[in-house]
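Asks: Contents are compact mmCIF, C-alpha atoms; file name target-v3.txt:
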# COMPACT_ATOMS: atom_id res chain seq x y z
CA MET A 150 -143.31 20.40 -108.36
CA GLU A 151 -142.83 16.64 -108.47
CA PHE A 152 -143.61 14.89 -105.21
CA LYS A 153 -143.78 11.40 -103.81
CA PHE A 154 -145.29 10.10 -100.59
CA SER A 155 -146.93 6.93 -99.37
CA SER A 156 -149.56 5.31 -97.20
CA SER A 157 -150.41 1.89 -95.87
CA ILE A 158 -153.88 0.36 -95.72
CA PHE A 159 -154.60 -2.54 -93.37
CA LYS A 160 -157.64 -4.83 -93.32
CA ASN A 161 -159.53 -4.51 -90.04
CA SER A 162 -160.68 -7.55 -88.10
CA PRO A 163 -163.17 -7.15 -85.24
CA GLU A 164 -160.23 -7.60 -82.84
CA ASP A 165 -158.28 -4.81 -84.61
CA LEU A 166 -161.28 -2.49 -84.37
CA GLN A 167 -161.73 -3.29 -80.68
CA ARG A 168 -158.05 -2.52 -80.09
CA LEU A 169 -158.27 0.72 -82.14
CA TYR A 170 -161.47 2.04 -80.54
CA GLY A 171 -161.01 0.62 -77.04
CA ASP A 172 -164.00 1.28 -74.77
CA LYS A 173 -165.79 3.15 -77.58
CA TYR A 174 -165.97 0.00 -79.74
CA ASP A 175 -169.53 -1.09 -80.51
CA PRO A 176 -169.81 -4.40 -82.43
CA ASP A 177 -173.16 -3.27 -83.85
CA LYS A 178 -171.67 -0.23 -85.63
CA ASN A 179 -170.48 -0.28 -89.23
CA TYR A 180 -166.71 0.34 -89.08
CA PRO A 181 -164.38 0.66 -92.09
CA ASN A 182 -163.04 -2.60 -93.48
CA PHE A 183 -159.65 -0.96 -94.12
CA THR A 184 -157.78 1.85 -92.39
CA GLY A 185 -154.35 3.37 -92.71
CA THR A 186 -152.26 6.49 -92.66
CA LEU A 187 -151.11 8.84 -95.41
CA SER A 188 -147.53 9.92 -94.70
CA ILE A 189 -146.42 13.15 -96.36
CA PRO A 190 -142.77 13.91 -95.55
CA LYS A 191 -142.17 17.54 -94.64
CA SER A 192 -139.64 17.73 -97.50
CA GLN A 193 -142.42 16.87 -99.97
CA LEU A 194 -145.11 19.17 -98.61
CA LEU A 195 -144.17 22.35 -100.52
CA LYS A 196 -143.70 20.35 -103.74
CA PHE A 197 -147.17 18.86 -103.31
CA VAL A 198 -148.77 22.25 -102.59
CA GLU A 199 -146.95 23.82 -105.57
CA HIS A 200 -148.24 21.02 -107.81
CA LEU A 201 -151.80 21.60 -106.59
CA GLN A 202 -151.42 25.37 -107.04
CA TYR A 203 -150.46 25.10 -110.71
CA ALA A 204 -152.51 21.99 -111.51
CA GLU A 205 -155.60 23.89 -110.37
CA ARG A 206 -155.01 26.26 -113.31
CA THR A 207 -154.97 23.45 -115.90
CA GLU A 208 -157.94 22.05 -117.77
CA LEU A 209 -159.52 19.92 -115.07
CA LYS A 210 -161.82 16.95 -115.56
CA ARG A 211 -165.17 16.89 -113.83
CA ASP A 212 -166.00 14.02 -111.50
CA GLU A 213 -169.75 13.42 -111.70
CA TYR A 214 -169.86 11.52 -108.40
CA LEU A 215 -168.12 14.35 -106.51
CA ASP A 216 -169.92 16.94 -108.67
CA ASP A 217 -166.72 18.97 -108.90
CA GLU A 218 -163.55 19.37 -110.91
CA ILE A 219 -160.64 17.24 -109.72
CA ILE A 220 -156.84 17.22 -109.76
CA PRO A 221 -155.78 13.63 -110.47
CA ILE A 222 -153.01 12.08 -108.37
CA LYS A 223 -151.44 8.79 -109.54
CA ILE A 224 -151.61 5.95 -106.99
CA SER A 225 -149.56 2.76 -107.17
CA GLY A 226 -150.07 -0.16 -104.78
CA TRP A 227 -148.18 -3.20 -103.53
CA ALA A 228 -149.42 -6.11 -101.43
CA LYS A 229 -147.00 -6.44 -98.49
CA GLU A 230 -146.69 -8.17 -95.16
CA SER A 231 -145.67 -6.51 -91.89
CA LYS A 232 -143.00 -7.92 -89.58
CA SER A 233 -145.79 -9.28 -87.40
CA GLY A 234 -147.21 -11.16 -90.40
CA LYS A 235 -150.21 -8.92 -91.07
CA LYS A 236 -150.88 -8.34 -94.78
CA PHE A 237 -151.45 -4.80 -95.97
CA LEU A 238 -151.59 -2.64 -99.07
CA SER A 239 -148.76 -0.11 -99.46
CA LEU A 240 -149.67 2.88 -101.66
CA SER A 241 -147.46 5.46 -103.32
CA TYR A 242 -148.71 8.85 -104.60
CA ALA A 243 -147.21 10.92 -107.41
CA PRO A 244 -148.41 13.56 -109.90
CA ASP A 245 -150.51 12.47 -112.86
CA TYR A 246 -148.11 12.89 -115.82
CA LYS A 247 -150.38 14.93 -118.12
CA THR A 248 -151.48 17.21 -115.30
CA LEU A 249 -147.87 17.66 -114.15
CA GLU A 250 -146.72 18.68 -117.64
CA ALA A 251 -149.61 21.14 -118.03
CA ALA A 252 -148.91 22.58 -114.56
CA LYS A 253 -145.20 23.01 -115.40
CA GLU A 254 -146.14 24.89 -118.58
CA ILE A 255 -148.44 27.22 -116.65
CA LYS A 256 -145.76 27.82 -114.01
CA GLN A 257 -143.20 28.73 -116.70
CA ARG A 258 -145.65 31.15 -118.36
CA MET A 259 -146.47 32.80 -115.04
CA GLU A 260 -142.77 33.13 -114.14
CA ALA A 261 -142.01 34.65 -117.57
CA GLN A 262 -144.90 37.12 -117.15
CA SER A 263 -143.67 38.01 -113.67
CA ALA A 264 -140.14 38.61 -115.01
CA ASN A 265 -141.59 40.83 -117.77
CA ASP A 266 -143.65 42.79 -115.22
CA GLN A 267 -140.54 43.28 -113.08
CA SER A 268 -138.62 44.53 -116.15
CA VAL A 269 -141.32 47.14 -116.86
CA ASP A 270 -141.27 48.18 -113.20
CA ALA A 271 -137.46 48.48 -113.28
CA SER A 272 -137.63 50.63 -116.42
CA ALA A 273 -140.20 52.92 -114.84
CA ALA A 274 -138.06 53.21 -111.69
CA SER A 275 -134.99 54.02 -113.80
CA LEU A 276 -136.87 56.75 -115.67
CA ALA A 277 -138.16 58.22 -112.42
CA LYS A 278 -134.65 58.20 -110.97
CA SER A 279 -133.11 59.87 -114.02
CA THR A 280 -135.71 62.64 -114.00
CA SER A 281 -135.59 62.94 -110.19
CA GLY A 282 -139.23 62.00 -110.24
CA THR A 283 -140.14 65.24 -111.96
CA VAL A 284 -143.03 65.11 -114.37
CA VAL A 285 -142.45 67.49 -117.24
CA GLN A 286 -145.48 68.92 -118.98
CA THR A 287 -145.00 70.37 -122.44
CA GLN A 288 -146.45 73.79 -123.08
CA GLN A 289 -148.78 74.06 -126.00
CA GLU A 290 -149.24 77.31 -127.87
CA ASP A 291 -152.67 78.68 -128.07
CA ILE A 292 -153.44 78.49 -131.76
CA PHE A 293 -156.24 81.06 -131.49
Would you mind writing the structure in this file as structure tokens?
Replies:
Amino acid sequence: MEFKFSSSIFKNSPEDLQRLYGDKYDPDKNYPNFTGTLSIPKSQLLKFVEHLQYAERTELKRDEYLDDEIIPIKISGWAKESKSGKKFLSLSYAPDYKTLEAAKEIKQRMEAQSANDQSVDASAASLAKSTSGTVVQTQQEDIF
């Protein structure tokens, strides 16, 4: 359920934007000052989804700006410089500790409940097997 992935954010100059957008570049448009890419390794994808699945069941905080409940993800950043000399911000993403612990607790409870449900099902199957699936009805005497 723990994951880790990263992204890089670069500052955009007008020349960078022209290179990025090519013929579609319009100097009069308002383009983002920073762009980058979030890189989620395939090996981390299921861990990330599992975290979201169980974190969604925790007590979530409400973000007033988004007008919705949110699952917090911790972000750490480092100022770096590319081989070509361009400065950029490198970001790393990981679970928020409190949310991760609450999600782990919920996952354990759900797994324990599932194991209990399977035990009840196994007992019922064993009973059905031992009675060849026959339902026996007791006869009651008519007391009148």
Asks: Mind listing whatever residues come within 12 Å of the point (-151.6, 27.7, -108.5)? Use all atoms listed in the file, file coordinates, and give them as a ChimeraX atom specification.
Replies: /A:150,196-207,220,251-257,259-260
Asks: CA of Phe159 (chain A) and CA of Ser225 (chain A), how far apart in Å?
Replies: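 Distance between the two atoms: 15.6 Å.
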Asks: I'd like to know which of A:Leu249, A:Phe237, A:Lys278, A:Phe152 is closest to Leu194 (chain A), using only C-alpha atoms.
Replies: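 With only C-alpha atoms as the atom set, the closest residue is A:Phe152.
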Asks: Choose the residue, out of A:Tyr214, A:Tyr180, A:Trp227, A:Tyr246, that has the smallest atom-to-atom separation from Ser155 (chain A); count all atoms listed in the file.
Replies: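 That would be A:Trp227, the residue with the smallest distance to Ser155 (chain A).
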Asks: How many Å separate CA of Gly234 (chain A) from CA of Tyr170 (chain A)?
Replies: 21.8 Å
Asks: Closest to Ile224 (chain A) among A:Gly171, A:Lys236, A:Leu209, A:Leu187, using only C-alpha atoms?
Replies: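 Using only C-alpha atoms, Ile224 (chain A) sits closest to A:Leu187.
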Asks: Please compute the CA of Ala243 (chain A)-CA of Ile222 (chain A) distance, one decimal, in Å.
Replies: 6.0 Å
Asks: Given the point (-160.3, -4.2, -92.3) in the file's coordinates, find the residues that have an atom at most 10 Å from it, counting all atoms listed in the file, and give them as an MDAnalysis selection string.
Replies: chainID A and resid 158:163 165:166 180:185 237
Asks: Let me know the centre plus edge lengths, in Å and rounded to one decimal, of a box with edges along x, y and z that contains all listed atoms of region 257-272 of chain A and is padded by 8 Å on every side, as JSON.
Replies:
{"center_x": -142.0, "center_y": 39.7, "center_z": -115.7, "size_x": 25.0, "size_y": 37.9, "size_z": 21.3}
Asks: Kindly reconstruct region 224-245 of chain A with N, CA, C and O atoms and present the result as a PDB file, in the coordinates of the input.
Replies:
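What ended up in out_28.pdb:
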ATOM      1  N   ILE A 224    -151.799   6.834-108.151  1.00  0.00           N
ATOM      2  CA  ILE A 224    -151.610   5.950-106.990  1.00  0.00           C
ATOM      3  C   ILE A 224    -151.124   4.606-107.493  1.00  0.00           C
ATOM      4  O   ILE A 224    -151.681   4.038-108.436  1.00  0.00           O
ATOM      5  N   SER A 225    -150.070   4.107-106.871  1.00  0.00           N
ATOM      6  CA  SER A 225    -149.560   2.760-107.170  1.00  0.00           C
ATOM      7  C   SER A 225    -149.639   1.959-105.879  1.00  0.00           C
ATOM      8  O   SER A 225    -149.452   2.497-104.792  1.00  0.00           O
ATOM      9  N   GLY A 226    -149.918   0.658-105.980  1.00  0.00           N
ATOM     10  CA  GLY A 226    -150.070  -0.160-104.780  1.00  0.00           C
ATOM     11  C   GLY A 226    -149.321  -1.478-104.834  1.00  0.00           C
ATOM     12  O   GLY A 226    -149.129  -2.048-105.907  1.00  0.00           O
ATOM     13  N   TRP A 227    -148.881  -1.943-103.666  1.00  0.00           N
ATOM     14  CA  TRP A 227    -148.180  -3.200-103.530  1.00  0.00           C
ATOM     15  C   TRP A 227    -148.752  -3.969-102.343  1.00  0.00           C
ATOM     16  O   TRP A 227    -148.966  -3.386-101.268  1.00  0.00           O
ATOM     17  N   ALA A 228    -149.007  -5.252-102.534  1.00  0.00           N
ATOM     18  CA  ALA A 228    -149.420  -6.110-101.430  1.00  0.00           C
ATOM     19  C   ALA A 228    -148.163  -6.462-100.637  1.00  0.00           C
ATOM     20  O   ALA A 228    -147.176  -6.934-101.204  1.00  0.00           O
ATOM     21  N   LYS A 229    -148.167  -6.193 -99.345  1.00  0.00           N
ATOM     22  CA  LYS A 229    -147.000  -6.440 -98.490  1.00  0.00           C
ATOM     23  C   LYS A 229    -147.426  -7.149 -97.217  1.00  0.00           C
ATOM     24  O   LYS A 229    -148.614  -7.319 -96.952  1.00  0.00           O
ATOM     25  N   GLU A 230    -146.430  -7.524 -96.439  1.00  0.00           N
ATOM     26  CA  GLU A 230    -146.690  -8.170 -95.160  1.00  0.00           C
ATOM     27  C   GLU A 230    -145.813  -7.520 -94.102  1.00  0.00           C
ATOM     28  O   GLU A 230    -144.613  -7.326 -94.309  1.00  0.00           O
ATOM     29  N   SER A 231    -146.420  -7.158 -92.965  1.00  0.00           N
ATOM     30  CA  SER A 231    -145.670  -6.510 -91.890  1.00  0.00           C
ATOM     31  C   SER A 231    -144.786  -7.528 -91.179  1.00  0.00           C
ATOM     32  O   SER A 231    -144.914  -8.737 -91.385  1.00  0.00           O
ATOM     33  N   LYS A 232    -143.895  -7.032 -90.341  1.00  0.00           N
ATOM     34  CA  LYS A 232    -143.000  -7.920 -89.580  1.00  0.00           C
ATOM     35  C   LYS A 232    -143.778  -8.864 -88.693  1.00  0.00           C
ATOM     36  O   LYS A 232    -143.338  -9.972 -88.414  1.00  0.00           O
ATOM     37  N   SER A 233    -144.962  -8.431 -88.250  1.00  0.00           N
ATOM     38  CA  SER A 233    -145.790  -9.280 -87.400  1.00  0.00           C
ATOM     39  C   SER A 233    -146.617 -10.280 -88.211  1.00  0.00           C
ATOM     40  O   SER A 233    -147.348 -11.087 -87.651  1.00  0.00           O
ATOM     41  N   GLY A 234    -146.504 -10.211 -89.550  1.00  0.00           N
ATOM     42  CA  GLY A 234    -147.210 -11.160 -90.400  1.00  0.00           C
ATOM     43  C   GLY A 234    -148.547 -10.681 -90.926  1.00  0.00           C
ATOM     44  O   GLY A 234    -149.233 -11.419 -91.641  1.00  0.00           O
ATOM     45  N   LYS A 235    -148.931  -9.446 -90.602  1.00  0.00           N
ATOM     46  CA  LYS A 235    -150.210  -8.920 -91.070  1.00  0.00           C
ATOM     47  C   LYS A 235    -150.045  -8.382 -92.493  1.00  0.00           C
ATOM     48  O   LYS A 235    -149.152  -7.600 -92.775  1.00  0.00           O
ATOM     49  N   LYS A 236    -150.930  -8.804 -93.393  1.00  0.00           N
ATOM     50  CA  LYS A 236    -150.880  -8.340 -94.780  1.00  0.00           C
ATOM     51  C   LYS A 236    -151.507  -6.958 -94.882  1.00  0.00           C
ATOM     52  O   LYS A 236    -152.465  -6.640 -94.180  1.00  0.00           O
ATOM     53  N   PHE A 237    -150.931  -6.142 -95.763  1.00  0.00           N
ATOM     54  CA  PHE A 237    -151.450  -4.800 -95.970  1.00  0.00           C
ATOM     55  C   PHE A 237    -151.156  -4.330 -97.375  1.00  0.00           C
ATOM     56  O   PHE A 237    -150.384  -4.952 -98.103  1.00  0.00           O
ATOM     57  N   LEU A 238    -151.787  -3.241 -97.763  1.00  0.00           N
ATOM     58  CA  LEU A 238    -151.590  -2.640 -99.070  1.00  0.00           C
ATOM     59  C   LEU A 238    -150.767  -1.373 -98.869  1.00  0.00           C
ATOM     60  O   LEU A 238    -151.152  -0.485 -98.110  1.00  0.00           O
ATOM     61  N   SER A 239    -149.621  -1.289 -99.518  1.00  0.00           N
ATOM     62  CA  SER A 239    -148.760  -0.110 -99.460  1.00  0.00           C
ATOM     63  C   SER A 239    -149.029   0.717-100.720  1.00  0.00           C
ATOM     64  O   SER A 239    -148.988   0.203-101.832  1.00  0.00           O
ATOM     65  N   LEU A 240    -149.331   1.994-100.543  1.00  0.00           N
ATOM     66  CA  LEU A 240    -149.670   2.880-101.660  1.00  0.00           C
ATOM     67  C   LEU A 240    -148.650   3.992-101.789  1.00  0.00           C
ATOM     68  O   LEU A 240    -148.145   4.503-100.797  1.00  0.00           O
ATOM     69  N   SER A 241    -148.369   4.369-103.021  1.00  0.00           N
ATOM     70  CA  SER A 241    -147.460   5.460-103.320  1.00  0.00           C
ATOM     71  C   SER A 241    -148.215   6.475-104.182  1.00  0.00           C
ATOM     72  O   SER A 241    -148.964   6.095-105.079  1.00  0.00           O
ATOM     73  N   TYR A 242    -148.005   7.775-103.908  1.00  0.00           N
ATOM     74  CA  TYR A 242    -148.710   8.850-104.600  1.00  0.00           C
ATOM     75  C   TYR A 242    -147.714   9.713-105.352  1.00  0.00           C
ATOM     76  O   TYR A 242    -146.660  10.062-104.824  1.00  0.00           O
ATOM     77  N   ALA A 243    -148.058  10.072-106.583  1.00  0.00           N
ATOM     78  CA  ALA A 243    -147.210  10.920-107.410  1.00  0.00           C
ATOM     79  C   ALA A 243    -148.112  11.716-108.357  1.00  0.00           C
ATOM     80  O   ALA A 243    -149.287  11.380-108.539  1.00  0.00           O
ATOM     81  N   PRO A 244    -147.572  12.777-108.986  1.00  0.00           N
ATOM     82  CA  PRO A 244    -148.410  13.560-109.900  1.00  0.00           C
ATOM     83  C   PRO A 244    -148.854  12.744-111.116  1.00  0.00           C
ATOM     84  O   PRO A 244    -148.099  11.908-111.612  1.00  0.00           O
ATOM     85  N   ASP A 245    -150.055  12.995-111.582  1.00  0.00           N
ATOM     86  CA  ASP A 245    -150.510  12.470-112.860  1.00  0.00           C
ATOM     87  C   ASP A 245    -149.656  13.141-113.938  1.00  0.00           C
ATOM     88  O   ASP A 245    -149.480  14.366-113.923  1.00  0.00           O
TER      89      ASP A 245
END
